[in-house]
file data-v5.cif (mmCIF, N, CA and C atoms)
data_data
#
loop_
_atom_site.label_atom_id
_atom_site.label_comp_id
_atom_site.auth_asym_id
_atom_site.auth_seq_id
_atom_site.Cartn_x
_atom_site.Cartn_y
_atom_site.Cartn_z
N MET A 1264 -9.33 36.63 0.84
CA MET A 1264 -10.41 35.98 1.56
C MET A 1264 -9.84 34.77 2.32
N GLN A 1265 -10.23 34.64 3.55
CA GLN A 1265 -9.78 33.55 4.41
C GLN A 1265 -10.45 32.23 3.99
N PRO A 1266 -9.66 31.16 3.78
CA PRO A 1266 -10.28 29.88 3.38
C PRO A 1266 -11.13 29.31 4.52
N ASP A 1267 -12.24 28.67 4.14
CA ASP A 1267 -13.10 28.01 5.11
C ASP A 1267 -12.50 26.66 5.54
N TYR A 1268 -11.74 26.06 4.64
CA TYR A 1268 -11.07 24.79 4.93
C TYR A 1268 -9.81 24.74 4.09
N GLU A 1269 -8.72 24.33 4.70
CA GLU A 1269 -7.46 24.17 3.98
C GLU A 1269 -6.67 23.07 4.66
N ALA A 1270 -6.29 22.04 3.90
CA ALA A 1270 -5.56 20.92 4.48
C ALA A 1270 -4.83 20.12 3.41
N SER A 1271 -3.81 19.42 3.86
CA SER A 1271 -3.10 18.43 3.06
C SER A 1271 -3.38 17.07 3.67
N PRO A 1272 -3.16 15.98 2.93
CA PRO A 1272 -3.35 14.66 3.52
C PRO A 1272 -2.47 14.48 4.76
N ALA A 1273 -2.97 13.72 5.71
CA ALA A 1273 -2.25 13.48 6.96
C ALA A 1273 -1.19 12.40 6.76
N MET A 1274 -0.08 12.52 7.47
CA MET A 1274 0.97 11.50 7.40
C MET A 1274 0.71 10.41 8.43
N PHE A 1275 0.93 10.73 9.69
CA PHE A 1275 0.84 9.74 10.75
C PHE A 1275 -0.57 9.19 10.88
N ARG A 1276 -1.57 10.06 10.90
CA ARG A 1276 -2.94 9.62 11.12
C ARG A 1276 -3.46 8.75 9.98
N ASN A 1277 -2.94 8.92 8.78
CA ASN A 1277 -3.41 8.13 7.64
C ASN A 1277 -2.76 6.75 7.59
N HIS A 1278 -1.47 6.64 7.92
CA HIS A 1278 -0.76 5.37 7.90
C HIS A 1278 0.14 5.27 9.13
N PRO A 1279 -0.44 5.04 10.32
CA PRO A 1279 0.38 5.04 11.54
C PRO A 1279 1.44 3.94 11.57
N LEU A 1280 1.14 2.76 11.07
CA LEU A 1280 2.12 1.67 11.12
C LEU A 1280 3.29 1.94 10.17
N LEU A 1281 3.01 2.50 9.01
CA LEU A 1281 4.07 2.86 8.08
C LEU A 1281 4.96 3.95 8.68
N PHE A 1282 4.36 4.90 9.35
CA PHE A 1282 5.12 5.97 10.00
C PHE A 1282 6.03 5.40 11.09
N ILE A 1283 5.51 4.52 11.92
CA ILE A 1283 6.31 3.90 12.99
C ILE A 1283 7.42 3.06 12.39
N GLY A 1284 7.11 2.32 11.31
CA GLY A 1284 8.13 1.52 10.64
C GLY A 1284 9.25 2.38 10.08
N ALA A 1285 8.92 3.53 9.52
CA ALA A 1285 9.95 4.44 8.98
C ALA A 1285 10.81 5.00 10.10
N VAL A 1286 10.20 5.31 11.24
CA VAL A 1286 10.96 5.81 12.39
C VAL A 1286 11.92 4.73 12.90
N ILE A 1287 11.48 3.49 12.92
CA ILE A 1287 12.34 2.38 13.35
C ILE A 1287 13.51 2.21 12.38
N LEU A 1288 13.23 2.39 11.08
CA LEU A 1288 14.30 2.27 10.08
C LEU A 1288 15.34 3.37 10.20
N ILE A 1289 15.00 4.48 10.82
CA ILE A 1289 15.99 5.54 11.05
C ILE A 1289 17.10 5.01 11.95
N ALA A 1290 16.71 4.35 13.03
CA ALA A 1290 17.69 3.80 13.96
C ALA A 1290 18.44 2.62 13.36
N ALA A 1291 17.75 1.84 12.55
CA ALA A 1291 18.37 0.63 12.02
C ALA A 1291 19.34 0.93 10.88
N PHE A 1292 18.93 1.65 9.90
CA PHE A 1292 19.76 1.82 8.71
C PHE A 1292 19.89 3.27 8.22
N GLY A 1293 19.12 4.17 8.79
CA GLY A 1293 19.10 5.53 8.30
C GLY A 1293 18.21 5.69 7.08
N LEU A 1294 17.68 4.56 6.57
CA LEU A 1294 16.79 4.58 5.42
C LEU A 1294 15.47 5.27 5.73
N GLY A 1295 15.08 5.23 6.98
CA GLY A 1295 13.82 5.84 7.40
C GLY A 1295 13.78 7.33 7.15
N ILE A 1296 14.92 8.01 7.23
CA ILE A 1296 14.96 9.45 6.98
C ILE A 1296 14.56 9.73 5.53
N LEU A 1297 15.09 8.94 4.61
CA LEU A 1297 14.73 9.12 3.19
C LEU A 1297 13.26 8.83 2.95
N ILE A 1298 12.73 7.80 3.59
CA ILE A 1298 11.32 7.45 3.44
C ILE A 1298 10.44 8.57 3.98
N LEU A 1299 10.76 9.06 5.18
CA LEU A 1299 9.96 10.13 5.78
C LEU A 1299 10.06 11.43 4.98
N LEU A 1300 11.23 11.74 4.47
CA LEU A 1300 11.40 12.95 3.67
C LEU A 1300 10.58 12.88 2.38
N TYR A 1301 10.67 11.75 1.68
CA TYR A 1301 9.88 11.56 0.45
C TYR A 1301 8.40 11.66 0.76
N TRP A 1302 7.96 10.99 1.82
CA TRP A 1302 6.55 10.97 2.21
C TRP A 1302 6.08 12.39 2.57
N TYR A 1303 6.89 13.13 3.31
CA TYR A 1303 6.54 14.49 3.72
C TYR A 1303 6.37 15.39 2.49
N ILE A 1304 7.30 15.30 1.55
CA ILE A 1304 7.23 16.13 0.34
C ILE A 1304 5.99 15.76 -0.48
N LYS A 1305 5.71 14.46 -0.58
CA LYS A 1305 4.55 14.01 -1.34
C LYS A 1305 3.25 14.51 -0.71
N VAL A 1306 3.16 14.43 0.62
CA VAL A 1306 1.95 14.87 1.31
C VAL A 1306 1.78 16.38 1.20
N ARG A 1307 2.85 17.12 1.38
CA ARG A 1307 2.78 18.58 1.34
C ARG A 1307 2.58 19.12 -0.07
N SER A 1308 2.78 18.30 -1.07
CA SER A 1308 2.57 18.76 -2.44
C SER A 1308 1.10 18.75 -2.83
N GLU A 1309 0.22 18.21 -1.98
CA GLU A 1309 -1.21 18.19 -2.23
C GLU A 1309 -1.91 19.14 -1.26
N ARG A 1310 -2.87 19.90 -1.77
CA ARG A 1310 -3.58 20.85 -0.93
C ARG A 1310 -5.01 21.03 -1.40
N LEU A 1311 -5.96 20.87 -0.47
CA LEU A 1311 -7.37 21.10 -0.74
C LEU A 1311 -7.78 22.37 0.00
N THR A 1312 -8.38 23.31 -0.74
CA THR A 1312 -8.82 24.57 -0.15
C THR A 1312 -10.26 24.83 -0.58
N ILE A 1313 -11.08 25.21 0.39
CA ILE A 1313 -12.45 25.62 0.10
C ILE A 1313 -12.58 27.07 0.52
N THR A 1314 -12.86 27.92 -0.46
CA THR A 1314 -13.03 29.35 -0.22
C THR A 1314 -14.28 29.81 -0.94
N GLY A 1315 -15.21 30.33 -0.18
CA GLY A 1315 -16.46 30.79 -0.79
C GLY A 1315 -17.18 29.65 -1.46
N ASP A 1316 -17.45 29.79 -2.74
CA ASP A 1316 -18.17 28.76 -3.49
C ASP A 1316 -17.27 27.98 -4.43
N VAL A 1317 -15.97 27.92 -4.12
CA VAL A 1317 -15.01 27.22 -4.98
C VAL A 1317 -14.21 26.22 -4.16
N LEU A 1318 -14.13 25.00 -4.67
CA LEU A 1318 -13.26 23.97 -4.10
C LEU A 1318 -12.03 23.92 -5.00
N HIS A 1319 -10.85 24.15 -4.42
CA HIS A 1319 -9.61 24.21 -5.19
C HIS A 1319 -8.68 23.11 -4.70
N TYR A 1320 -8.17 22.31 -5.64
CA TYR A 1320 -7.22 21.24 -5.33
C TYR A 1320 -5.96 21.47 -6.16
N ALA A 1321 -4.83 21.52 -5.48
CA ALA A 1321 -3.55 21.71 -6.17
C ALA A 1321 -2.62 20.58 -5.79
N ARG A 1322 -1.85 20.09 -6.78
CA ARG A 1322 -0.93 18.98 -6.54
C ARG A 1322 0.34 19.22 -7.33
N GLY A 1323 1.49 18.98 -6.68
CA GLY A 1323 2.76 19.08 -7.36
C GLY A 1323 3.68 20.10 -6.73
N ILE A 1324 4.98 19.92 -6.99
CA ILE A 1324 5.97 20.86 -6.49
C ILE A 1324 6.62 21.57 -7.67
N LEU A 1325 7.28 20.83 -8.53
CA LEU A 1325 7.93 21.44 -9.69
C LEU A 1325 6.93 21.69 -10.82
N SER A 1326 6.12 20.70 -11.11
CA SER A 1326 5.03 20.90 -12.06
C SER A 1326 3.73 20.82 -11.27
N LYS A 1327 2.79 21.65 -11.62
CA LYS A 1327 1.53 21.75 -10.87
C LYS A 1327 0.35 21.25 -11.67
N SER A 1328 -0.59 20.65 -10.95
CA SER A 1328 -1.88 20.27 -11.50
C SER A 1328 -2.92 20.87 -10.56
N GLN A 1329 -3.87 21.62 -11.11
CA GLN A 1329 -4.87 22.28 -10.29
C GLN A 1329 -6.26 22.03 -10.84
N ILE A 1330 -7.20 21.83 -9.92
CA ILE A 1330 -8.60 21.63 -10.28
C ILE A 1330 -9.44 22.58 -9.44
N ASP A 1331 -10.34 23.30 -10.08
CA ASP A 1331 -11.31 24.15 -9.39
C ASP A 1331 -12.70 23.61 -9.70
N LEU A 1332 -13.47 23.38 -8.65
CA LEU A 1332 -14.86 22.95 -8.82
C LEU A 1332 -15.76 23.98 -8.17
N ASP A 1333 -16.78 24.45 -8.90
CA ASP A 1333 -17.79 25.31 -8.31
C ASP A 1333 -18.70 24.46 -7.44
N MET A 1334 -19.06 24.98 -6.29
CA MET A 1334 -19.93 24.22 -5.38
C MET A 1334 -21.26 23.87 -6.04
N SER A 1335 -21.73 24.73 -6.93
CA SER A 1335 -23.02 24.47 -7.58
C SER A 1335 -22.94 23.27 -8.52
N GLU A 1336 -21.73 22.89 -8.96
CA GLU A 1336 -21.56 21.76 -9.88
C GLU A 1336 -21.44 20.42 -9.15
N ILE A 1337 -21.11 20.45 -7.87
CA ILE A 1337 -20.91 19.21 -7.11
C ILE A 1337 -22.28 18.65 -6.73
N ARG A 1338 -22.54 17.41 -7.16
CA ARG A 1338 -23.83 16.80 -6.85
C ARG A 1338 -23.74 15.81 -5.70
N ALA A 1339 -22.52 15.30 -5.41
CA ALA A 1339 -22.37 14.34 -4.30
C ALA A 1339 -20.93 14.33 -3.80
N VAL A 1340 -20.80 14.11 -2.48
CA VAL A 1340 -19.50 13.93 -1.85
C VAL A 1340 -19.56 12.61 -1.12
N HIS A 1341 -18.66 11.70 -1.46
CA HIS A 1341 -18.63 10.36 -0.86
C HIS A 1341 -17.44 10.28 0.09
N VAL A 1342 -17.71 9.94 1.36
CA VAL A 1342 -16.66 9.80 2.36
C VAL A 1342 -16.52 8.32 2.69
N THR A 1343 -15.30 7.81 2.62
CA THR A 1343 -15.01 6.42 2.97
C THR A 1343 -13.97 6.42 4.08
N GLN A 1344 -14.26 5.68 5.16
CA GLN A 1344 -13.32 5.57 6.27
C GLN A 1344 -13.28 4.13 6.77
N THR A 1345 -12.08 3.60 6.92
CA THR A 1345 -11.93 2.32 7.58
C THR A 1345 -12.04 2.56 9.09
N PHE A 1346 -12.04 1.49 9.85
CA PHE A 1346 -12.13 1.63 11.31
C PHE A 1346 -11.00 2.49 11.84
N TRP A 1347 -9.76 2.20 11.42
CA TRP A 1347 -8.62 2.94 11.93
C TRP A 1347 -8.61 4.38 11.44
N GLN A 1348 -9.09 4.60 10.22
CA GLN A 1348 -9.19 5.98 9.74
C GLN A 1348 -10.20 6.77 10.57
N ARG A 1349 -11.28 6.12 10.98
CA ARG A 1349 -12.25 6.79 11.84
C ARG A 1349 -11.63 7.12 13.19
N VAL A 1350 -10.83 6.21 13.72
CA VAL A 1350 -10.17 6.46 15.00
C VAL A 1350 -9.24 7.66 14.91
N PHE A 1351 -8.50 7.77 13.81
CA PHE A 1351 -7.53 8.85 13.65
C PHE A 1351 -8.10 10.09 12.95
N GLY A 1352 -9.37 10.06 12.55
CA GLY A 1352 -10.02 11.24 11.99
C GLY A 1352 -9.61 11.60 10.58
N VAL A 1353 -9.32 10.60 9.75
CA VAL A 1353 -8.99 10.84 8.34
C VAL A 1353 -9.89 9.97 7.47
N GLY A 1354 -9.85 10.18 6.16
CA GLY A 1354 -10.66 9.37 5.25
C GLY A 1354 -10.43 9.76 3.81
N THR A 1355 -11.13 9.07 2.94
CA THR A 1355 -11.06 9.32 1.51
C THR A 1355 -12.29 10.12 1.08
N LEU A 1356 -12.07 11.18 0.33
CA LEU A 1356 -13.14 12.03 -0.19
C LEU A 1356 -13.24 11.84 -1.69
N GLU A 1357 -14.46 11.66 -2.19
CA GLU A 1357 -14.72 11.59 -3.62
C GLU A 1357 -15.77 12.63 -3.97
N PHE A 1358 -15.46 13.48 -4.93
CA PHE A 1358 -16.37 14.54 -5.35
C PHE A 1358 -16.93 14.18 -6.73
N TYR A 1359 -18.26 14.14 -6.82
CA TYR A 1359 -18.95 13.79 -8.07
C TYR A 1359 -19.64 15.03 -8.63
N THR A 1360 -19.47 15.24 -9.93
CA THR A 1360 -20.15 16.36 -10.57
C THR A 1360 -21.25 15.81 -11.49
N SER A 1361 -20.99 15.61 -12.75
CA SER A 1361 -22.06 15.21 -13.67
C SER A 1361 -22.03 13.74 -14.07
N GLY A 1362 -20.89 13.09 -14.01
CA GLY A 1362 -20.79 11.71 -14.48
C GLY A 1362 -20.89 10.69 -13.37
N ASP A 1363 -20.66 9.43 -13.75
CA ASP A 1363 -20.70 8.34 -12.78
C ASP A 1363 -19.36 8.15 -12.08
N LEU A 1364 -18.30 8.68 -12.66
CA LEU A 1364 -16.98 8.58 -12.05
C LEU A 1364 -16.67 9.82 -11.24
N ALA A 1365 -15.90 9.64 -10.17
CA ALA A 1365 -15.55 10.78 -9.32
C ALA A 1365 -14.68 11.76 -10.10
N GLU A 1366 -15.00 13.02 -9.99
CA GLU A 1366 -14.21 14.07 -10.62
C GLU A 1366 -12.88 14.24 -9.90
N LEU A 1367 -12.90 14.04 -8.58
CA LEU A 1367 -11.73 14.25 -7.75
C LEU A 1367 -11.77 13.28 -6.59
N THR A 1368 -10.67 12.55 -6.34
CA THR A 1368 -10.55 11.62 -5.23
C THR A 1368 -9.32 11.99 -4.41
N LEU A 1369 -9.51 12.19 -3.11
CA LEU A 1369 -8.42 12.56 -2.21
C LEU A 1369 -8.36 11.56 -1.07
N GLN A 1370 -7.19 10.98 -0.85
CA GLN A 1370 -7.03 9.98 0.20
C GLN A 1370 -6.29 10.57 1.39
N GLY A 1371 -6.66 10.12 2.58
CA GLY A 1371 -5.96 10.52 3.79
C GLY A 1371 -6.23 11.93 4.25
N MET A 1372 -7.37 12.49 3.87
CA MET A 1372 -7.67 13.88 4.24
C MET A 1372 -8.20 13.95 5.67
N PRO A 1373 -7.71 14.92 6.45
CA PRO A 1373 -8.21 15.09 7.81
C PRO A 1373 -9.64 15.63 7.82
N ASP A 1374 -10.42 15.21 8.79
CA ASP A 1374 -11.80 15.67 8.99
C ASP A 1374 -12.65 15.60 7.72
N PRO A 1375 -12.78 14.42 7.12
CA PRO A 1375 -13.54 14.34 5.86
C PRO A 1375 -15.02 14.67 6.01
N ASN A 1376 -15.59 14.37 7.17
CA ASN A 1376 -17.02 14.68 7.37
C ASN A 1376 -17.25 16.18 7.46
N THR A 1377 -16.29 16.92 7.97
CA THR A 1377 -16.38 18.38 8.00
C THR A 1377 -16.40 18.93 6.59
N VAL A 1378 -15.56 18.38 5.72
CA VAL A 1378 -15.53 18.82 4.33
C VAL A 1378 -16.87 18.51 3.66
N ARG A 1379 -17.38 17.31 3.86
CA ARG A 1379 -18.67 16.92 3.27
C ARG A 1379 -19.78 17.86 3.73
N ASP A 1380 -19.84 18.15 5.03
CA ASP A 1380 -20.88 19.03 5.56
C ASP A 1380 -20.73 20.45 5.02
N LEU A 1381 -19.50 20.93 4.90
CA LEU A 1381 -19.26 22.27 4.36
C LEU A 1381 -19.71 22.37 2.90
N VAL A 1382 -19.37 21.35 2.11
CA VAL A 1382 -19.79 21.34 0.70
C VAL A 1382 -21.31 21.23 0.61
N ARG A 1383 -21.91 20.42 1.45
CA ARG A 1383 -23.37 20.27 1.44
C ARG A 1383 -24.06 21.61 1.74
N LYS A 1384 -23.55 22.34 2.74
CA LYS A 1384 -24.13 23.65 3.07
C LYS A 1384 -24.01 24.61 1.89
N ARG A 1385 -22.85 24.60 1.25
CA ARG A 1385 -22.62 25.53 0.15
C ARG A 1385 -23.47 25.17 -1.08
N THR A 1386 -23.66 23.87 -1.35
CA THR A 1386 -24.47 23.49 -2.52
C THR A 1386 -25.94 23.78 -2.27
N GLU A 1387 -26.40 23.65 -1.02
CA GLU A 1387 -27.80 23.95 -0.71
C GLU A 1387 -28.05 25.45 -0.79
N ALA A 1388 -27.05 26.25 -0.42
CA ALA A 1388 -27.21 27.71 -0.45
C ALA A 1388 -27.18 28.25 -1.88
N ALA A 1389 -26.56 27.50 -2.78
CA ALA A 1389 -26.41 28.00 -4.17
C ALA A 1389 -27.67 27.84 -4.98
#
call {"tool": "encode", "arguments": {"input": "data-v5.cif", "output": "structure tokens"}}
result
Amino acid sequence: MQPDYEASPAMFRNHPLLFIGAVILIAAFGLGILILLYWYIKVRSERLTITGDVLHYARGILSKSQIDLDMSEIRAVHVTQTFWQRVFGVGTLEFYTSGDLAELTLQGMPDPNTVRDLVRKRTEAA
């Protein structure tokens, strides 16, 4: 089944100044390559996928941590965006199920409002 949404946290759009600083460090000391490589691996090790009525979050490269949430269990999705995050189209997503604490928090996710709207449609349909 084709996922309705699949993304990893954004690198440049989430922290543009840090990205530019790392690129500058490449020319200065070569340290920027190590920073960018570490950052790239860290970002690519996280993945949010929405398929059907399941929200799946996987994290890790060598050891994995995975969370599956049924859309019917999600009672709220909280989107937080700073001014610059709004400009670059990224934000923080918090998924709430039964308690007062977020079941899952993802930072730097692209198109967070699209995810919120997709989850809202799926929870209303369930």
call {"tool": "atom_distance", "arguments": {"input": "data-v5.cif", "atom1": "atom CA of Leu1332 of chain A", "atom2": "atom CA of Trp1302 of chain A"}}
result
26.9 Å
call {"tool": "resolve_selection", "arguments": {"input": "data-v5.cif", "expression": "the PyMOL selection byres ((chain A and resi 1360-1363) around 7)", "output": "list in words"}}
result
Glu1336, Ile1337, Arg1338, Ala1339, Phe1358, Tyr1359, Leu1364, Ala1365, Glu1366 and Leu1367 of chain A
call {"tool": "closest_residue", "arguments": {"input": "data-v5.cif", "among": "A:Gly1323, A:Asn1277, A:Pro1266, A:Thr1386", "to": "Pro1373 of chain A", "atoms": "only C-alpha atoms"}}
result
A:Asn1277
call {"tool": "resolve_selection", "arguments": {"input": "data-v5.cif", "expression": "the PyMOL selection byres (((chain A and resi 1275 and name CA) around 12) and name CA)", "output": "list of chain:residue names"}}
result
A:Pro1272, A:Ala1273, A:Met1274, A:Arg1276, A:Asn1277, A:His1278, A:Pro1279, A:Leu1280, A:Leu1281, A:Phe1282, A:Ile1283, A:Gly1284, A:Ala1285, A:Val1286, A:Leu1299, A:Trp1302, A:Tyr1303, A:Val1306, A:Trp1347, A:Gln1348, A:Phe1351, A:Gly1352, A:Val1353, A:Gly1371, A:Met1372, A:Pro1373
call {"tool": "residues_around", "arguments": {"input": "data-v5.cif", "residues": "Thr1312 of chain A", "least_positions_apart": "4", "cutoff": "7 Å", "atoms": "only C-alpha atoms", "output": "PyMOL selection string"}}
result
chain A and resi 1266+1268-1270+1318-1320
call {"tool": "select_by_dssp", "arguments": {"input": "data-v5.cif", "residues": "chain A", "states": "strand (DSSP E)", "output": "PyMOL selection string"}}
result
chain A and resi 1268-1270+1309-1314+1317-1322+1328-1333+1339-1343+1353-1359+1367-1373
call {"tool": "atom_distance", "arguments": {"input": "data-v5.cif", "atom1": "atom N of Asn1376 of chain A", "atom2": "atom N of Val1342 of chain A"}}
result
7.6 Å
call {"tool": "atom_distance", "arguments": {"input": "data-v5.cif", "atom1": "atom CA of Gly1354 of chain A", "atom2": "atom N of Leu1294 of chain A"}}
result
28.8 Å
call {"tool": "closest_residue", "arguments": {"input": "data-v5.cif", "among": "A:Gly1295, A:Asp1267, A:Arg1385, A:Pro1375", "to": "Asp1333 of chain A", "atoms": "only N, CA and C atoms"}}
result
A:Arg1385
call {"tool": "closest_residue", "arguments": {"input": "data-v5.cif", "among": "A:Ile1287, A:Ile1324, A:Leu1297, A:Leu1356", "to": "Leu1369 of chain A", "atoms": "all atoms listed in the file"}}
result
A:Leu1356
call {"tool": "closest_residue", "arguments": {"input": "data-v5.cif", "among": "A:Met1264, A:Arg1379, A:Glu1309, A:Val1317", "to": "His1341 of chain A", "atoms": "all atoms listed in the file"}}
result
A:Arg1379
call {"tool": "build_atoms", "arguments": {"input": "data-v5.cif", "residues": "segment 1292-1301 of chain A", "atoms": "all heavy atoms", "output": "tab-separated table (two decimals), in the coordinates of the input"}}
result
chain	number	residue	atom	x	y	z
A	1292	PHE	N	18.93	1.65	9.90
A	1292	PHE	CA	19.76	1.82	8.71
A	1292	PHE	C	19.89	3.27	8.22
A	1292	PHE	O	20.64	3.53	7.30
A	1292	PHE	CB	19.20	0.99	7.54
A	1292	PHE	CG	18.98	-0.44	7.87
A	1292	PHE	CD1	17.70	-0.93	8.04
A	1292	PHE	CD2	20.05	-1.32	8.02
A	1292	PHE	CE1	17.48	-2.26	8.34
A	1292	PHE	CE2	19.83	-2.65	8.31
A	1292	PHE	CZ	18.54	-3.12	8.48
A	1293	GLY	N	19.12	4.17	8.79
A	1293	GLY	CA	19.10	5.53	8.30
A	1293	GLY	C	18.21	5.69	7.08
A	1293	GLY	O	18.00	6.79	6.59
A	1294	LEU	N	17.68	4.56	6.57
A	1294	LEU	CA	16.79	4.58	5.42
A	1294	LEU	C	15.47	5.27	5.73
A	1294	LEU	O	14.86	5.88	4.86
A	1294	LEU	CB	16.53	3.14	4.95
A	1294	LEU	CG	15.67	2.94	3.73
A	1294	LEU	CD1	16.34	3.56	2.51
A	1294	LEU	CD2	15.42	1.47	3.51
A	1295	GLY	N	15.08	5.23	6.98
A	1295	GLY	CA	13.82	5.84	7.40
A	1295	GLY	C	13.78	7.33	7.15
A	1295	GLY	O	12.71	7.89	6.87
A	1296	ILE	N	14.92	8.01	7.23
A	1296	ILE	CA	14.96	9.45	6.98
A	1296	ILE	C	14.56	9.73	5.53
A	1296	ILE	O	13.78	10.64	5.26
A	1296	ILE	CB	16.35	10.02	7.29
A	1296	ILE	CG1	16.61	9.94	8.78
A	1296	ILE	CG2	16.48	11.46	6.80
A	1296	ILE	CD1	18.01	10.33	9.19
A	1297	LEU	N	15.09	8.94	4.61
A	1297	LEU	CA	14.73	9.12	3.19
A	1297	LEU	C	13.26	8.83	2.95
A	1297	LEU	O	12.60	9.56	2.20
A	1297	LEU	CB	15.60	8.23	2.31
A	1297	LEU	CG	17.08	8.55	2.27
A	1297	LEU	CD1	17.82	7.51	1.44
A	1297	LEU	CD2	17.30	9.94	1.73
A	1298	ILE	N	12.73	7.80	3.59
A	1298	ILE	CA	11.32	7.45	3.44
A	1298	ILE	C	10.44	8.57	3.98
A	1298	ILE	O	9.49	9.01	3.32
A	1298	ILE	CB	11.00	6.12	4.15
A	1298	ILE	CG1	11.69	4.97	3.44
A	1298	ILE	CG2	9.50	5.88	4.23
A	1298	ILE	CD1	11.65	3.65	4.18
A	1299	LEU	N	10.76	9.06	5.18
A	1299	LEU	CA	9.96	10.13	5.78
A	1299	LEU	C	10.06	11.43	4.98
A	1299	LEU	O	9.06	12.14	4.82
A	1299	LEU	CB	10.37	10.36	7.23
A	1299	LEU	CG	9.96	9.28	8.21
A	1299	LEU	CD1	10.57	9.53	9.58
A	1299	LEU	CD2	8.45	9.19	8.32
A	1300	LEU	N	11.23	11.74	4.47
A	1300	LEU	CA	11.40	12.95	3.67
A	1300	LEU	C	10.58	12.88	2.38
A	1300	LEU	O	9.88	13.83	2.03
A	1300	LEU	CB	12.88	13.18	3.35
A	1300	LEU	CG	13.21	14.44	2.57
A	1300	LEU	CD1	12.83	15.68	3.36
A	1300	LEU	CD2	14.68	14.47	2.23
A	1301	TYR	N	10.67	11.75	1.68
A	1301	TYR	CA	9.88	11.56	0.45
A	1301	TYR	C	8.40	11.66	0.76
A	1301	TYR	O	7.65	12.34	0.05
A	1301	TYR	CB	10.20	10.20	-0.17
A	1301	TYR	CG	9.27	9.82	-1.29
A	1301	TYR	CD1	9.39	10.41	-2.55
A	1301	TYR	CD2	8.24	8.92	-1.09
A	1301	TYR	CE1	8.52	10.09	-3.58
A	1301	TYR	CE2	7.36	8.59	-2.10
A	1301	TYR	CZ	7.51	9.17	-3.34
A	1301	TYR	OH	6.63	8.86	-4.35
